[in-house]
Amino acid sequence: AERRGLYAVIVYVYPADPYGCGAYRMSFPAVASLAAGADVRLIQPSDRVGIGGDVDTRTGRLVNLQYPPDADVVVFQRVAMTTLAQAVPMLRERGVAVVVDMDDDLTKIDPNNPAFWGFHAKTGSPLHNSRNALQACLDATLVTVSTPALLKVYAPHGRGLVLENRVPAAYLDIAHVDSAAVGWAGSIHSHPDDLRPFGPAIQRLVRAGVEYWGAGPDYRAQRGDGGLARERGGAQ
């Protein structure tokens with residue numbers, strides 16, 4: 001296989017999504033690794049190629065596994081699909097190292113989160129659930145997580161590393177004007193109760209003269225900020 005860069009290892013990175021977790025924990029590090037000279041192939045969800053196969057209708061097992069023939073390492077994220085979880089040990093048997101990244105404990109999703117029903121081991125689809133994610137991690141060469149608590153859940157075998165969530169260093173160099181305004185950029189739709197613990201602190205800040213802006217639709221009645229959040233410019 002043709003190898004480029006400083007390293008003789010070809011790494012395929014498969015983000016689970018193009019948003020928060022996929023960008024911060026997969027795409028951004030992959031781009032940074034490319035800039036440092038690593039041979040990384042970033043495969044976005046919309047361009048999902050290279051990993052596949054057939055499913056035996058009698059057993060439900062993945063057969064005829066297909067994967068990039070030049071891959072030395074593949075990095076997956078939040079492996080909830082049954083067939084992809086089955087591919088993990090198959091790839092390892094073929095000499096490909098498999099890294100699985102987890103940024104959430106899928107067994108403890110808040111019931112108010114829309115993802116709860118999709119990932120729950122009993123209510124979710126047998127083809128897509130939290131059990132598959134755990135099994136993929138148990139079978140992986142290495143598991144990366146964002147917190148020590150997740151390390152205990154997904155890497156009890158000891159093959160795990162904590163890689164904390166960070167932002168690109170370039171963000172610190174963006175020109176800005178400091179002000180007495182703070183905001184919330186999270187998703188109230190998928191994380192309906194995240195603001196609740198911060199409600200009293202936000203109220204104290206507003207009483208002290210700090211301007212607070214909420215992001216997204218007006219969910220004042222459901223927020224724990226005392227209804228102090230306001231939309232700004234229709235931001236979603």
# chains A, B, ... in the order shown; residues from 1 in each chain; ligands from 1
call {"tool": "closest_atom_pairs", "arguments": {"of": "stretch 181-207 of chain A", "to": "stretch 12-21 of chain A", "cutoff": "12 Å", "atoms": "only C-alpha atoms", "output": "tab-separated table"}}
result
residue	atom	partner	partner_atom	distance
A:Ala185	CA	A:Gly20	CA	11.3
A:Gly186	CA	A:Gly20	CA	9.9
A:Ser187	CA	A:Gly20	CA	10.5
call {"tool": "residues_around", "arguments": {"residues": "A:Val79", "least_positions_apart": "4", "cutoff": "10 Å", "atoms": "only C-alpha atoms", "output": "PDB file with N, CA and C atoms, in the first residue's frame"}}
result
ATOM      1  N   ALA A  16     -18.711   9.336  14.262  1.00  0.00           N
ATOM      2  CA  ALA A  16     -20.099   8.868  14.294  1.00  0.00           C
ATOM      3  C   ALA A  16     -21.055   9.919  13.768  1.00  0.00           C
ATOM      4  N   THR A  83     -23.799  -4.885  13.380  1.00  0.00           N
ATOM      5  CA  THR A  83     -22.831  -5.353  12.381  1.00  0.00           C
ATOM      6  C   THR A  83     -21.462  -4.700  12.567  1.00  0.00           C
ATOM      7  N   LEU A  84     -21.441  -3.430  12.938  1.00  0.00           N
ATOM      8  CA  LEU A  84     -20.157  -2.771  13.137  1.00  0.00           C
ATOM      9  C   LEU A  84     -19.468  -3.312  14.384  1.00  0.00           C
ATOM     10  N   ALA A  85     -20.250  -3.586  15.426  1.00  0.00           N
ATOM     11  CA  ALA A  85     -19.668  -4.193  16.626  1.00  0.00           C
ATOM     12  C   ALA A  85     -19.092  -5.565  16.306  1.00  0.00           C
ATOM     13  N   GLN A  86     -19.777  -6.331  15.455  1.00  0.00           N
ATOM     14  CA  GLN A  86     -19.265  -7.645  15.064  1.00  0.00           C
ATOM     15  C   GLN A  86     -17.993  -7.531  14.240  1.00  0.00           C
ATOM     16  N   VAL A  88     -15.529  -5.527  14.781  1.00  0.00           N
ATOM     17  CA  VAL A  88     -14.350  -5.200  15.594  1.00  0.00           C
ATOM     18  C   VAL A  88     -13.436  -6.406  15.796  1.00  0.00           C
ATOM     19  N   VAL A 100     -11.849   2.344  19.718  1.00  0.00           N
ATOM     20  CA  VAL A 100     -13.240   2.794  19.861  1.00  0.00           C
ATOM     21  C   VAL A 100     -13.265   3.957  20.842  1.00  0.00           C
ATOM     22  N   ASP A 101     -13.863   5.060  20.420  1.00  0.00           N
ATOM     23  CA  ASP A 101     -13.966   6.248  21.275  1.00  0.00           C
ATOM     24  C   ASP A 101     -15.378   6.375  21.832  1.00  0.00           C
ATOM     25  N   MET A 102     -15.466   6.654  23.130  1.00  0.00           N
ATOM     26  CA  MET A 102     -16.759   6.827  23.790  1.00  0.00           C
ATOM     27  C   MET A 102     -16.744   8.126  24.587  1.00  0.00           C
ATOM     28  N   HIS A 128     -29.296  -1.838  17.012  1.00  0.00           N
ATOM     29  CA  HIS A 128     -28.663  -0.557  17.351  1.00  0.00           C
ATOM     30  C   HIS A 128     -28.966  -0.245  18.813  1.00  0.00           C
ATOM     31  N   ASN A 129     -28.016  -0.521  19.719  1.00  0.00           N
ATOM     32  CA  ASN A 129     -28.282  -0.263  21.124  1.00  0.00           C
ATOM     33  C   ASN A 129     -26.984  -0.180  21.934  1.00  0.00           C
ATOM     34  N   SER A 130     -27.124   0.116  23.219  1.00  0.00           N
ATOM     35  CA  SER A 130     -25.975   0.332  24.091  1.00  0.00           C
ATOM     36  C   SER A 130     -25.166  -0.941  24.327  1.00  0.00           C
ATOM     37  N   ARG A 131     -25.813  -2.105  24.241  1.00  0.00           N
ATOM     38  CA  ARG A 131     -25.084  -3.370  24.434  1.00  0.00           C
ATOM     39  C   ARG A 131     -24.008  -3.550  23.377  1.00  0.00           C
ATOM     40  N   ASN A 132     -24.316  -3.161  22.136  1.00  0.00           N
ATOM     41  CA  ASN A 132     -23.335  -3.288  21.063  1.00  0.00           C
ATOM     42  C   ASN A 132     -22.118  -2.407  21.340  1.00  0.00           C
ATOM     43  N   ALA A 133     -22.365  -1.201  21.855  1.00  0.00           N
ATOM     44  CA  ALA A 133     -21.258  -0.287  22.147  1.00  0.00           C
ATOM     45  C   ALA A 133     -20.329  -0.887  23.194  1.00  0.00           C
ATOM     46  N   LEU A 134     -20.902  -1.456  24.231  1.00  0.00           N
ATOM     47  CA  LEU A 134     -20.081  -2.065  25.277  1.00  0.00           C
ATOM     48  C   LEU A 134     -19.287  -3.243  24.728  1.00  0.00           C
ATOM     49  N   GLN A 135     -19.934  -4.090  23.922  1.00  0.00           N
ATOM     50  CA  GLN A 135     -19.234  -5.253  23.378  1.00  0.00           C
ATOM     51  C   GLN A 135     -18.102  -4.834  22.450  1.00  0.00           C
ATOM     52  N   ALA A 136     -18.338  -3.803  21.650  1.00  0.00           N
ATOM     53  CA  ALA A 136     -17.293  -3.306  20.756  1.00  0.00           C
ATOM     54  C   ALA A 136     -16.084  -2.842  21.547  1.00  0.00           C
ATOM     55  N   CYS A 137     -16.334  -2.175  22.665  1.00  0.00           N
ATOM     56  CA  CYS A 137     -15.233  -1.706  23.513  1.00  0.00           C
ATOM     57  C   CYS A 137     -14.485  -2.869  24.157  1.00  0.00           C
TER      58      CYS A 137
END
call {"tool": "closest_residue", "arguments": {"among": "A:Leu163, A:Gly214, A:Ser33, A:Val206", "to": "A:Gly183", "atoms": "only C-alpha atoms"}}
result
A:Gly214
call {"tool": "select_by_dssp", "arguments": {"residues": "stretch 11-234 of chain A", "states": "helix (DSSP H, G or I)", "output": "PyMOL selection string"}}
result
chain A and resi 20-35+45-47+82-93+106-108+115-119+130-139+148-154+169-173+196-207+220-222
call {"tool": "select_by_dssp", "arguments": {"residues": "stretch 30-166 of chain A", "states": "strand (DSSP E or B)", "output": "PyMOL selection string"}}
result
chain A and resi 39-42+52-55+62-66+73-77+81+97-102+125+128+142-145+160-162
call {"tool": "write_last_selection", "arguments": {"atoms": "N, CA and C atoms", "output": "tab-separated table (two decimals), in the first residue's frame"}}
result
chain	number	residue	atom	x	y	z
A	39	ASP	N	-0.35	9.66	8.61
A	39	ASP	CA	-1.10	9.20	7.43
A	39	ASP	C	-2.50	8.82	7.89
A	40	VAL	N	-3.39	9.80	7.92
A	40	VAL	CA	-4.75	9.61	8.42
A	40	VAL	C	-5.75	9.81	7.30
A	41	ARG	N	-6.71	8.90	7.19
A	41	ARG	CA	-7.79	9.01	6.20
A	41	ARG	C	-9.09	9.26	6.97
A	42	LEU	N	-9.61	10.49	6.90
A	42	LEU	CA	-10.82	10.88	7.62
A	42	LEU	C	-12.04	10.58	6.77
A	52	GLY	N	-17.76	-2.75	5.52
A	52	GLY	CA	-19.04	-3.33	5.16
A	52	GLY	C	-18.97	-4.84	5.12
A	53	GLY	N	-19.91	-5.43	4.44
A	53	GLY	CA	-19.97	-6.89	4.36
A	53	GLY	C	-21.40	-7.34	4.13
A	54	ASP	N	-21.64	-8.61	4.35
A	54	ASP	CA	-22.97	-9.19	4.21
A	54	ASP	C	-23.41	-9.74	5.55
A	55	VAL	N	-24.72	-9.87	5.71
A	55	VAL	CA	-25.28	-10.42	6.94
A	55	VAL	C	-25.94	-11.76	6.63
A	62	LEU	N	-22.32	-10.96	10.78
A	62	LEU	CA	-21.63	-10.32	9.67
A	62	LEU	C	-20.69	-11.33	9.00
A	63	VAL	N	-20.74	-11.40	7.68
A	63	VAL	CA	-19.85	-12.28	6.93
A	63	VAL	C	-19.26	-11.48	5.77
A	64	ASN	N	-18.23	-12.03	5.17
A	64	ASN	CA	-17.58	-11.38	4.02
A	64	ASN	C	-17.20	-9.93	4.34
A	65	LEU	N	-16.52	-9.76	5.46
A	65	LEU	CA	-16.12	-8.42	5.91
A	65	LEU	C	-15.31	-7.69	4.85
A	66	GLN	N	-15.67	-6.44	4.61
A	66	GLN	CA	-14.94	-5.59	3.68
A	66	GLN	C	-14.37	-4.40	4.45
A	73	VAL	N	-4.78	0.75	11.27
A	73	VAL	CA	-5.60	1.10	12.43
A	73	VAL	C	-6.90	1.71	11.93
A	74	VAL	N	-8.02	1.34	12.57
A	74	VAL	CA	-9.29	2.01	12.31
A	74	VAL	C	-9.79	2.56	13.64
A	75	VAL	N	-10.35	3.77	13.59
A	75	VAL	CA	-10.87	4.41	14.79
A	75	VAL	C	-12.36	4.60	14.61
A	76	PHE	N	-13.14	3.96	15.46
A	76	PHE	CA	-14.60	4.09	15.44
A	76	PHE	C	-15.06	4.92	16.63
A	77	GLN	N	-16.30	5.32	16.57
A	77	GLN	CA	-16.87	6.12	17.66
A	77	GLN	C	-18.30	5.65	17.95
A	81	MET	N	-24.19	-0.02	16.27
A	81	MET	CA	-24.77	-0.95	15.28
A	81	MET	C	-24.21	-2.36	15.48
A	97	ALA	N	-5.59	-3.00	14.01
A	97	ALA	CA	-5.89	-2.51	15.34
A	97	ALA	C	-7.15	-1.66	15.31
A	98	VAL	N	-7.99	-1.82	16.33
A	98	VAL	CA	-9.27	-1.11	16.38
A	98	VAL	C	-9.33	-0.26	17.64
A	99	VAL	N	-9.56	1.03	17.43
A	99	VAL	CA	-9.76	1.96	18.54
A	99	VAL	C	-11.23	2.38	18.55
A	100	VAL	N	-11.85	2.34	19.72
A	100	VAL	CA	-13.24	2.79	19.86
A	100	VAL	C	-13.26	3.96	20.84
A	101	ASP	N	-13.86	5.06	20.42
A	101	ASP	CA	-13.97	6.25	21.27
A	101	ASP	C	-15.38	6.38	21.83
A	102	MET	N	-15.47	6.65	23.13
A	102	MET	CA	-16.76	6.83	23.79
A	102	MET	C	-16.74	8.13	24.59
A	125	SER	N	-33.61	-0.79	19.24
A	125	SER	CA	-33.57	-1.84	18.22
A	125	SER	C	-32.48	-2.85	18.56
A	128	HIS	N	-29.30	-1.84	17.01
A	128	HIS	CA	-28.66	-0.56	17.35
A	128	HIS	C	-28.97	-0.25	18.81
A	142	LEU	N	-7.99	-0.81	21.72
A	142	LEU	CA	-7.85	0.31	22.65
A	142	LEU	C	-9.17	1.07	22.69
A	143	VAL	N	-9.51	1.54	23.89
A	143	VAL	CA	-10.70	2.35	24.08
A	143	VAL	C	-10.27	3.73	24.58
A	144	THR	N	-10.78	4.78	23.95
A	144	THR	CA	-10.52	6.14	24.42
A	144	THR	C	-11.82	6.74	24.93
A	145	VAL	N	-11.74	7.43	26.04
A	145	VAL	CA	-12.93	8.03	26.66
A	145	VAL	C	-12.59	9.44	27.13
A	160	GLY	N	-7.37	1.08	27.95
A	160	GLY	CA	-8.09	2.32	27.75
A	160	GLY	C	-7.27	3.53	28.13
A	161	LEU	N	-7.65	4.68	27.56
A	161	LEU	CA	-7.00	5.95	27.83
A	161	LEU	C	-8.07	7.04	27.98
A	162	VAL	N	-7.82	7.97	28.90
A	162	VAL	CA	-8.68	9.13	29.04
A	162	VAL	C	-8.11	10.26	28.19
call {"tool": "closest_residue", "arguments": {"among": "A:Ala149, A:Leu127, A:Leu91, A:Ala32", "to": "A:Asp103", "atoms": "only C-alpha atoms"}}
result
A:Ala149
call {"tool": "atom_distance", "arguments": {"atom1": "atom CA of A:Val11", "atom2": "atom CA of A:Phe28"}}
result
14.4 Å
call {"tool": "closest_residue", "arguments": {"among": "A:Asp194, A:Ser146, A:Ala36, A:Pro200", "to": "A:Arg166", "atoms": "only C-alpha atoms"}}
result
A:Ser146
call {"tool": "residues_around", "arguments": {"residues": "A:Trp117", "least_positions_apart": "4", "cutoff": "12 Å", "atoms": "only C-alpha atoms", "output": "PyMOL selection string"}}
result
chain A and resi 106-113+121-126+128-130
